[in-house]
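Peer 1: A single structure is presented below for examination.
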Amino acid sequence: MKTTLLLTAILFGSQLAFAHNDPTISTAKITELSAHRADRLIALGKIDGAFVTRTEAIEVTAVAGPAPVAYKSIVSQTQPQSGQPIQLELQFDHDGKPLSFKVLSGGTAGADMMWSPKNAGELIENGMHYVLDNSSDAMIAPYFKDFTKLVLIKGTLTGKDVGLVQVTASSQAKRLNIYVNLDGTLNSVAVEP
Amino acid sequence: MNFVFRFFSLAVIAGGLISCNYTRLKEPTGSGVQNFGDLKPEEKLSMMNYSFINSKILQPKCVSCHGSSGDVSLESYDSIKSNLSKIQEAVFTEGTMPKRGALTSEEKRLLWNWIRMGAPMQSSKPPPEVEPMIATYESIRSHIIEPKCLTCHNPAGEGNKVPLDRQGLLDSPLELVLPGNADESGLIIALERKDDKRMPPAKEGYSALKPEQIQIIREWINNGAN
């Protein structure tokens with residue numbers, strides 16, 4: 001009887017020990033989901049609208065701690081409606097389901113890029129769709145697998161204003177530049193020179 | 001005797017040949033136009049009416065684009081009647097419509113015959129009553145998802161990343177359906193929003209769901225989305 005109880009306890013203990021997260025989706029996917037989540041929270045009136053209209057950066061980290069939190073992302077924007085620099089922290093489980101959100105003070109208030117007709121969130125989503133849809137491409141794969149951060153800035157390409165999504169990957173020294181037209185269509189993609 | 005036998009034999013053969021004539025059905029659109037198949041007698045009686053053709057063919061294959069916000073609206077019987085020749089031309093002569101999801105040969109056969117019959121509002125026998133939409137997934141699927149959404153949200157369509165089967169809705173990281181909480185469910189937010197992210201997308205000519213349809217989806221979600 002004692003042996004049975006002991007074995008049960010060992011088995012139970014080992015289950016708990018291995019109950020940490022085993023992320024099943026990429027940090028690149030979490031970035032896209034972060035943009036969607038910010039849009040949802042704005043639609044529900046829970047956060048400042050600038051987290052979509054003036055998004056500047058999204059940073060994602062895989063969390064090594066115990067379940068259920070598997071990923072954390074920080075969304076930054078340039079000019080919050082409230083006037084004070086703020087950031088949005090999102091937590092996701094290993095399937096990418098949102099677990100919680102928190103608005104943090106901090107970040108930097110930059111210039112309003114006046115994105116139009118598509119807002120910053122949509123430009124980021126569309127840029128990330130390219131990475132997700134081409135994850136098996138040799139040039140794109142490391143940015144899909146090892147994504148850590150993206151920044152959206154206004155750029156010019158052959159005399160035309162474009163949204164430039166700069167993607168950083170932990171395994172790559174150079175960033176991936178995704179040029180998105182202001183109407184949200186993809187323009188071109190290249191690793192920075 | 002032999003002559004009489006021969007005469008009667010010839011007369012019988014000639015009579016048989018004369019009785020073997022037939023009447024060719026006249027095609028309504030002129031010679032050289034393909035026949036898309038005839039109707040069975042029972043189909044003529046019960047299926048050749050606007051309600052049947054609308055629910056089986058026009059709503060799922062045409063109205064998702066040709067809604068009230070499109071250039072050519074096909075949402076009402078009157079608008080269908082006034083566009084019959086255009087429909088006939090686009091579907092059967094040029095084959096340019098529907099742009100999303102071609103008609104099956106069965107659908108072509110029914111539509112072609114309905115048009116050929118003058119696009120009647122009523123069939124000679126009343127059609128079976130269409131079940132009203134209720135707050136179950138199956139009902140919502142047949143009344144809304146299939147005719148309005150699956151043209152894009154299918155494995156080969158643009159919306160393939162967002163499957164709309166019940167489990168897909170429940171499991172989506174986009175929280176499309178939060179059982180008991182319609183207000184925060186992504187599906188409801190997407191249906192009710194006024195900007196260019198509304199579903200079905202206005203920019204592609206789709207009309208919005210009617211408030212009473214959204215209300216039933218809300219009811220299904222608030223009841224647990226079973």
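Please note that chains go A, B, ... in the order of the structure tokens, that every chain numbers its residues from 1, and that ligands are numbered from 1 in the order shown.
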At a cut-off of 8 Å, which residues of chain A touch chain B? Count only C-alpha atoms and give the answer as a short mmCIF file (atom, residue, chain, number, x, y, z; two decimals) with C-alpha atoms, in the first residue's frame.

Peer 2:
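In the end it all went to selection-v1.cif:
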```cif
data_model
loop_
_atom_site.label_atom_id
_atom_site.label_comp_id
_atom_site.auth_asym_id
_atom_site.auth_seq_id
_atom_site.Cartn_x
_atom_site.Cartn_y
_atom_site.Cartn_z
CA LEU A 33 -2.29 38.19 -32.44
CA HIS A 36 -5.58 41.78 -33.23
CA ARG A 37 -5.90 41.81 -29.44
CA ARG A 40 -10.34 44.04 -29.88
CA ALA A 43 -13.40 47.97 -29.86
CA LEU A 44 -14.51 47.06 -26.34
CA ASP A 95 -2.09 28.28 -28.15
CA GLY A 96 -2.02 32.05 -28.53
CA LYS A 97 -5.21 32.62 -26.56
CA PRO A 98 -5.13 35.92 -24.72
#
```

Peer 1: Which residues, written as a list in words, have at least one atom at most 10 Å from Ile74 of chain A, with only C-alpha atoms counted and residues fewer than 2 positions away on the same chain left out?

Peer 2: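 Once the adjacent positions are removed, what remains is Thr31, Ser34, Ala57, Ile58, Glu59, Val60, Thr61, Lys72, Ser76, Gln87, Leu88, Glu89, Leu90, Gln91, Phe101, Lys102, Val103, Leu104 and Lys149 of chain A.
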
Peer 1: Give me, as an MDAnalysis selection string, all polymer residues having an atom no more than 8 Å from Asn119 of chain A, counting only C-alpha atoms and skipping those fewer than 2 positions away in the same chain.

Peer 2: chainID A and resid 52:54 115:117 121:123

Peer 1: Please produce a file of those selected residues containing C-alpha atoms, as a short mmCIF file (atom, residue, chain, number, x, y, z; two decimals), in the first residue's frame.

Peer 2:
```
data_model
loop_
_atom_site.label_atom_id
_atom_site.label_comp_id
_atom_site.auth_asym_id
_atom_site.auth_seq_id
_atom_site.Cartn_x
_atom_site.Cartn_y
_atom_site.Cartn_z
CA VAL A 52 -3.94 50.68 -33.04
CA THR A 53 -3.97 54.03 -34.78
CA ARG A 54 -0.43 54.96 -33.72
CA TRP A 115 -1.25 56.79 -40.96
CA SER A 116 -3.98 56.80 -43.58
CA PRO A 117 -6.02 55.22 -45.10
CA GLY A 121 -2.21 48.26 -36.55
CA GLU A 122 -3.48 47.17 -39.94
CA LEU A 123 -0.13 47.91 -41.61
#
```

Peer 1: Compile the contact shell of Ile188 of chain B as a compact mmCIF listing (two decimals) with C-alpha atoms, in the first residue's frame: residues with an atom at most 8 Å away, counting only C-alpha atoms, same-chain residues fewer than 6 positions apart removed.

Peer 2:
```txt
# COMPACT_ATOMS: atom_id res chain seq x y z
CA LEU B 176 -14.49 34.61 -31.87
CA ALA B 182 -21.69 37.70 -26.78
CA ILE B 214 -27.10 39.11 -35.28
CA ILE B 217 -26.22 34.68 -32.99
CA ARG B 218 -25.95 36.67 -29.76
```

Peer 1: Give the answer as one residue: which of A:Asp48, A:Asp146, A:Glu56, A:Asp112 has the shortest atom-to-atom distance to Ile30 of chain A, using only C-alpha atoms?

Peer 2: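 So, comparing all the options, the nearest one is A:Asp146.
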
Peer 1: Could you go through chain A and tell me which residues DSSP, when run on the backbone, assigns to alpha helix (DSSP H), listing them as a ChimeraX atom specification?

Peer 2: /A:2-17,27-43,50-53,120-133,141-145

Peer 1: Export C-alpha atoms of the chosen residues as a PDB file, in the first residue's frame?

Peer 2:
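Final file, part_16.pdb:
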```pdb
ATOM      1  CA  LYS A   2       2.795   2.376   1.005  1.00  0.00           C
ATOM      2  CA  THR A   3       4.660   1.571  -2.184  1.00  0.00           C
ATOM      3  CA  THR A   4       1.561   2.303  -4.286  1.00  0.00           C
ATOM      4  CA  LEU A   5       1.040   5.624  -2.531  1.00  0.00           C
ATOM      5  CA  LEU A   6       4.693   6.515  -2.945  1.00  0.00           C
ATOM      6  CA  LEU A   7       4.644   5.705  -6.651  1.00  0.00           C
ATOM      7  CA  THR A   8       1.448   7.723  -7.104  1.00  0.00           C
ATOM      8  CA  ALA A   9       3.034  10.671  -5.316  1.00  0.00           C
ATOM      9  CA  ILE A  10       6.135  10.454  -7.503  1.00  0.00           C
ATOM     10  CA  LEU A  11       4.087  10.280 -10.667  1.00  0.00           C
ATOM     11  CA  PHE A  12       1.902  13.213  -9.573  1.00  0.00           C
ATOM     12  CA  GLY A  13       4.964  15.217  -8.619  1.00  0.00           C
ATOM     13  CA  SER A  14       6.592  14.569 -11.976  1.00  0.00           C
ATOM     14  CA  GLN A  15       3.439  15.739 -13.775  1.00  0.00           C
ATOM     15  CA  LEU A  16       3.573  19.010 -11.833  1.00  0.00           C
ATOM     16  CA  ALA A  17       7.255  19.399 -12.516  1.00  0.00           C
ATOM     17  CA  THR A  27       6.534  34.550 -31.510  1.00  0.00           C
ATOM     18  CA  ALA A  28       5.831  35.977 -34.974  1.00  0.00           C
ATOM     19  CA  LYS A  29       2.275  34.662 -34.730  1.00  0.00           C
ATOM     20  CA  ILE A  30       1.964  36.146 -31.236  1.00  0.00           C
ATOM     21  CA  THR A  31       2.905  39.525 -32.707  1.00  0.00           C
ATOM     22  CA  GLU A  32       0.063  39.340 -35.204  1.00  0.00           C
ATOM     23  CA  LEU A  33      -2.287  38.190 -32.445  1.00  0.00           C
ATOM     24  CA  SER A  34      -1.120  41.137 -30.313  1.00  0.00           C
ATOM     25  CA  ALA A  35      -2.199  43.547 -33.037  1.00  0.00           C
ATOM     26  CA  HIS A  36      -5.575  41.777 -33.230  1.00  0.00           C
ATOM     27  CA  ARG A  37      -5.905  41.813 -29.438  1.00  0.00           C
ATOM     28  CA  ALA A  38      -5.191  45.529 -29.219  1.00  0.00           C
ATOM     29  CA  ASP A  39      -7.849  46.132 -31.872  1.00  0.00           C
ATOM     30  CA  ARG A  40     -10.337  44.036 -29.876  1.00  0.00           C
ATOM     31  CA  LEU A  41      -9.611  45.823 -26.604  1.00  0.00           C
ATOM     32  CA  ILE A  42     -10.108  49.166 -28.332  1.00  0.00           C
ATOM     33  CA  ALA A  43     -13.401  47.970 -29.858  1.00  0.00           C
ATOM     34  CA  ALA A  50      -3.730  54.928 -30.142  1.00  0.00           C
ATOM     35  CA  PHE A  51      -2.604  51.332 -29.559  1.00  0.00           C
ATOM     36  CA  VAL A  52      -3.942  50.677 -33.042  1.00  0.00           C
ATOM     37  CA  THR A  53      -3.968  54.034 -34.779  1.00  0.00           C
ATOM     38  CA  ALA A 120      -0.708  51.458 -37.954  1.00  0.00           C
ATOM     39  CA  GLY A 121      -2.212  48.264 -36.547  1.00  0.00           C
ATOM     40  CA  GLU A 122      -3.476  47.171 -39.942  1.00  0.00           C
ATOM     41  CA  LEU A 123      -0.130  47.909 -41.612  1.00  0.00           C
ATOM     42  CA  ILE A 124       1.608  45.790 -38.981  1.00  0.00           C
ATOM     43  CA  GLU A 125      -0.930  42.968 -39.343  1.00  0.00           C
ATOM     44  CA  ASN A 126      -0.506  42.918 -43.104  1.00  0.00           C
ATOM     45  CA  GLY A 127       3.279  43.024 -42.839  1.00  0.00           C
ATOM     46  CA  MET A 128       3.226  40.127 -40.386  1.00  0.00           C
ATOM     47  CA  HIS A 129       0.862  38.159 -42.619  1.00  0.00           C
ATOM     48  CA  TYR A 130       3.698  38.073 -45.140  1.00  0.00           C
ATOM     49  CA  VAL A 131       6.047  36.573 -42.556  1.00  0.00           C
ATOM     50  CA  LEU A 132       3.437  34.020 -41.449  1.00  0.00           C
ATOM     51  CA  ASP A 133       2.464  33.050 -44.989  1.00  0.00           C
ATOM     52  CA  ALA A 141      12.095  31.477 -41.802  1.00  0.00           C
ATOM     53  CA  PRO A 142      14.499  32.841 -39.159  1.00  0.00           C
ATOM     54  CA  TYR A 143      12.347  35.947 -38.701  1.00  0.00           C
ATOM     55  CA  PHE A 144       9.314  33.712 -38.242  1.00  0.00           C
ATOM     56  CA  LYS A 145      11.036  31.330 -35.837  1.00  0.00           C
TER      57      LYS A 145
END
```

Peer 1: Report as number ranges by chain all protein, DNA and RNA residues lying within 7 Å of Ile216 of chain B, evaluated on only C-alpha atoms, omitting residues in the same chain fewer than 4 positions from it.

Peer 2: B: 134-135, 212, 220

Peer 1: With N, CA and C atoms retained, export the selected residues as a PDB file, in the first residue's frame.

Peer 2:
```
ATOM      1  N   ILE B 134     -33.101  29.648 -35.764  1.00  0.00           N
ATOM      2  CA  ILE B 134     -33.161  29.626 -34.300  1.00  0.00           C
ATOM      3  C   ILE B 134     -31.741  29.655 -33.740  1.00  0.00           C
ATOM      4  N   ALA B 135     -31.633  29.807 -32.421  1.00  0.00           N
ATOM      5  CA  ALA B 135     -30.326  30.011 -31.788  1.00  0.00           C
ATOM      6  C   ALA B 135     -29.583  28.704 -31.556  1.00  0.00           C
ATOM      7  N   GLU B 212     -31.716  41.410 -36.709  1.00  0.00           N
ATOM      8  CA  GLU B 212     -32.400  40.247 -36.121  1.00  0.00           C
ATOM      9  C   GLU B 212     -31.561  38.968 -36.283  1.00  0.00           C
ATOM     10  N   TRP B 220     -27.428  32.612 -29.249  1.00  0.00           N
ATOM     11  CA  TRP B 220     -26.725  31.321 -29.253  1.00  0.00           C
ATOM     12  C   TRP B 220     -25.480  31.395 -28.371  1.00  0.00           C
TER      13      TRP B 220
END
```

Peer 1: One number please: atom CA of Pro80 of chain A to atom CA of Ile153 of chain A, in Å, one decimal.

Peer 2: 16.6 Å

Peer 1: What's the 8 Å shell around segment 92-109 of chain B, counting only C-alpha atoms, without same-chain residues fewer than 4 positions away, as a ChimeraX atom specification?

Peer 2: /B:33,36-39,56-57,61-62,87-88,113,151

Peer 1: If you keep C-alpha atoms, can you produce a file of those selected residues as a compact mmCIF listing (two decimals), in the first residue's frame?

Peer 2:
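Just written: out00.txt:
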```
# COMPACT_ATOMS: atom_id res chain seq x y z
CA VAL B 33 -27.23 27.30 -76.69
CA PHE B 36 -28.51 22.50 -68.92
CA GLY B 37 -30.87 19.59 -68.32
CA ASP B 38 -34.58 19.09 -67.95
CA LEU B 39 -36.74 19.02 -64.87
CA LYS B 56 -30.61 27.24 -52.79
CA ILE B 57 -28.76 29.30 -55.37
CA LYS B 61 -23.89 32.09 -54.67
CA CYS B 62 -25.00 35.57 -55.73
CA ILE B 87 -28.14 36.84 -65.09
CA GLN B 88 -28.79 34.55 -68.03
CA ASN B 113 -35.11 25.92 -65.97
CA THR B 151 -17.49 31.82 -50.01
```

Peer 1: Enumerate the residues of segment 35-191 of chain A with a DSSP assignment of strand (DSSP E or B), computed from the backbone, and present them as a VMD selection string.

Peer 2: chain A and resid 55 to 62 66 71 to 77 86 to 92 98 to 105 147 to 157 160 to 169 176 to 181 186 to 191

Peer 1: I need the residues from that last selection saved to file as a PDB file, in the first residue's frame (with C-alpha atoms), if you can.

Peer 2:
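Below is the file that was written, part-v7.pdb:
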```pdb
ATOM      1  CA  THR A  55       1.268  51.663 -32.950  1.00  0.00           C
ATOM      2  CA  GLU A  56       5.019  52.007 -33.028  1.00  0.00           C
ATOM      3  CA  ALA A  57       6.460  48.698 -31.840  1.00  0.00           C
ATOM      4  CA  ILE A  58       5.581  45.223 -30.646  1.00  0.00           C
ATOM      5  CA  GLU A  59       8.017  43.138 -28.666  1.00  0.00           C
ATOM      6  CA  VAL A  60       7.358  39.483 -27.846  1.00  0.00           C
ATOM      7  CA  THR A  61       9.066  37.156 -25.414  1.00  0.00           C
ATOM      8  CA  ALA A  62       8.446  33.501 -24.646  1.00  0.00           C
ATOM      9  CA  PRO A  66       4.813  27.902 -15.140  1.00  0.00           C
ATOM     10  CA  TYR A  71       4.166  34.543 -24.163  1.00  0.00           C
ATOM     11  CA  LYS A  72       4.244  38.156 -23.173  1.00  0.00           C
ATOM     12  CA  SER A  73       4.106  41.068 -25.592  1.00  0.00           C
ATOM     13  CA  ILE A  74       4.550  44.781 -25.143  1.00  0.00           C
ATOM     14  CA  VAL A  75       2.770  47.088 -27.589  1.00  0.00           C
ATOM     15  CA  SER A  76       4.033  50.660 -27.792  1.00  0.00           C
ATOM     16  CA  GLN A  77       2.501  53.639 -29.534  1.00  0.00           C
ATOM     17  CA  ILE A  86       1.846  54.291 -22.024  1.00  0.00           C
ATOM     18  CA  GLN A  87       2.422  50.727 -23.163  1.00  0.00           C
ATOM     19  CA  LEU A  88       0.187  47.686 -23.364  1.00  0.00           C
ATOM     20  CA  GLU A  89       1.274  44.376 -21.875  1.00  0.00           C
ATOM     21  CA  LEU A  90      -0.493  41.268 -23.170  1.00  0.00           C
ATOM     22  CA  GLN A  91      -0.164  37.697 -21.985  1.00  0.00           C
ATOM     23  CA  PHE A  92      -1.000  34.626 -24.082  1.00  0.00           C
ATOM     24  CA  PRO A  98      -5.127  35.920 -24.715  1.00  0.00           C
ATOM     25  CA  LEU A  99      -4.983  35.621 -20.945  1.00  0.00           C
ATOM     26  CA  SER A 100      -4.713  39.169 -19.658  1.00  0.00           C
ATOM     27  CA  PHE A 101      -3.848  42.744 -20.501  1.00  0.00           C
ATOM     28  CA  LYS A 102      -2.338  45.572 -18.520  1.00  0.00           C
ATOM     29  CA  VAL A 103      -1.718  49.199 -19.440  1.00  0.00           C
ATOM     30  CA  LEU A 104       1.671  50.302 -18.151  1.00  0.00           C
ATOM     31  CA  SER A 105       3.063  53.751 -17.804  1.00  0.00           C
ATOM     32  CA  PHE A 147      11.074  36.908 -33.967  1.00  0.00           C
ATOM     33  CA  THR A 148      11.688  39.257 -31.086  1.00  0.00           C
ATOM     34  CA  LYS A 149      10.503  42.711 -32.088  1.00  0.00           C
ATOM     35  CA  LEU A 150       9.046  44.874 -34.821  1.00  0.00           C
ATOM     36  CA  VAL A 151       9.033  48.618 -35.301  1.00  0.00           C
ATOM     37  CA  LEU A 152       6.790  50.526 -37.700  1.00  0.00           C
ATOM     38  CA  ILE A 153       8.181  53.709 -39.221  1.00  0.00           C
ATOM     39  CA  LYS A 154       7.226  55.834 -42.163  1.00  0.00           C
ATOM     40  CA  GLY A 155       9.543  55.308 -45.098  1.00  0.00           C
ATOM     41  CA  THR A 156       9.864  56.288 -48.724  1.00  0.00           C
ATOM     42  CA  LEU A 157      10.271  53.871 -51.566  1.00  0.00           C
ATOM     43  CA  LYS A 160       6.215  57.005 -52.448  1.00  0.00           C
ATOM     44  CA  ASP A 161       5.340  57.027 -48.726  1.00  0.00           C
ATOM     45  CA  VAL A 162       5.160  53.520 -47.308  1.00  0.00           C
ATOM     46  CA  GLY A 163       4.929  51.851 -43.936  1.00  0.00           C
ATOM     47  CA  LEU A 164       8.201  50.138 -43.123  1.00  0.00           C
ATOM     48  CA  VAL A 165       7.862  47.210 -40.729  1.00  0.00           C
ATOM     49  CA  GLN A 166      11.324  46.378 -39.411  1.00  0.00           C
ATOM     50  CA  VAL A 167      11.467  42.893 -37.969  1.00  0.00           C
ATOM     51  CA  THR A 168      14.223  41.788 -35.606  1.00  0.00           C
ATOM     52  CA  ALA A 169      15.059  38.134 -34.969  1.00  0.00           C
ATOM     53  CA  LEU A 176      13.923  42.188 -42.237  1.00  0.00           C
ATOM     54  CA  ASN A 177      12.330  45.204 -43.897  1.00  0.00           C
ATOM     55  CA  ILE A 178       8.723  44.759 -44.982  1.00  0.00           C
ATOM     56  CA  TYR A 179       7.429  47.663 -47.042  1.00  0.00           C
ATOM     57  CA  VAL A 180       3.663  48.026 -46.892  1.00  0.00           C
ATOM     58  CA  ASN A 181       1.790  50.555 -49.015  1.00  0.00           C
ATOM     59  CA  LEU A 186       2.335  44.617 -49.597  1.00  0.00           C
ATOM     60  CA  ASN A 187       4.988  46.496 -51.539  1.00  0.00           C
ATOM     61  CA  SER A 188       8.209  44.523 -51.118  1.00  0.00           C
ATOM     62  CA  VAL A 189      10.388  42.648 -48.635  1.00  0.00           C
ATOM     63  CA  ALA A 190      14.154  42.629 -48.177  1.00  0.00           C
ATOM     64  CA  VAL A 191      16.775  41.982 -45.560  1.00  0.00           C
TER      65      VAL A 191
END
```

Peer 1: Tell me, in Å to one decimal, how far atom CA of Lys194 of chain B is from atom CA of Glu146 of chain B.

Peer 2: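 Going from atom CA of Lys194 of chain B over to atom CA of Glu146 of chain B covers 22.6 Å.
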
Peer 1: Which distance in Å separates atom CA of Ser142 of chain B and atom CA of Gly118 of chain B, to one decimal?

Peer 2: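 Taking atom CA of Ser142 of chain B and atom CA of Gly118 of chain B, their separation equals 27.9 Å.
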
Peer 1: Of the residues B:Pro147, B:Gly168, B:Pro200, B:Pro120, which is the one nearest to Leu84 of chain B, using only C-alpha atoms?

Peer 2: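 Checking each candidate against Leu84 of chain B, we get B:Pro120 as the closest.
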
Peer 1: Hey, which of B:Arg166, B:Leu110, B:Ser85, B:Leu187 ends up closest to Ser139 of chain B? Count only C-alpha atoms.

Peer 2: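 Going through B:Arg166, B:Leu110, B:Ser85, B:Leu187 one by one, the smallest distance to Ser139 of chain B is for B:Arg166.
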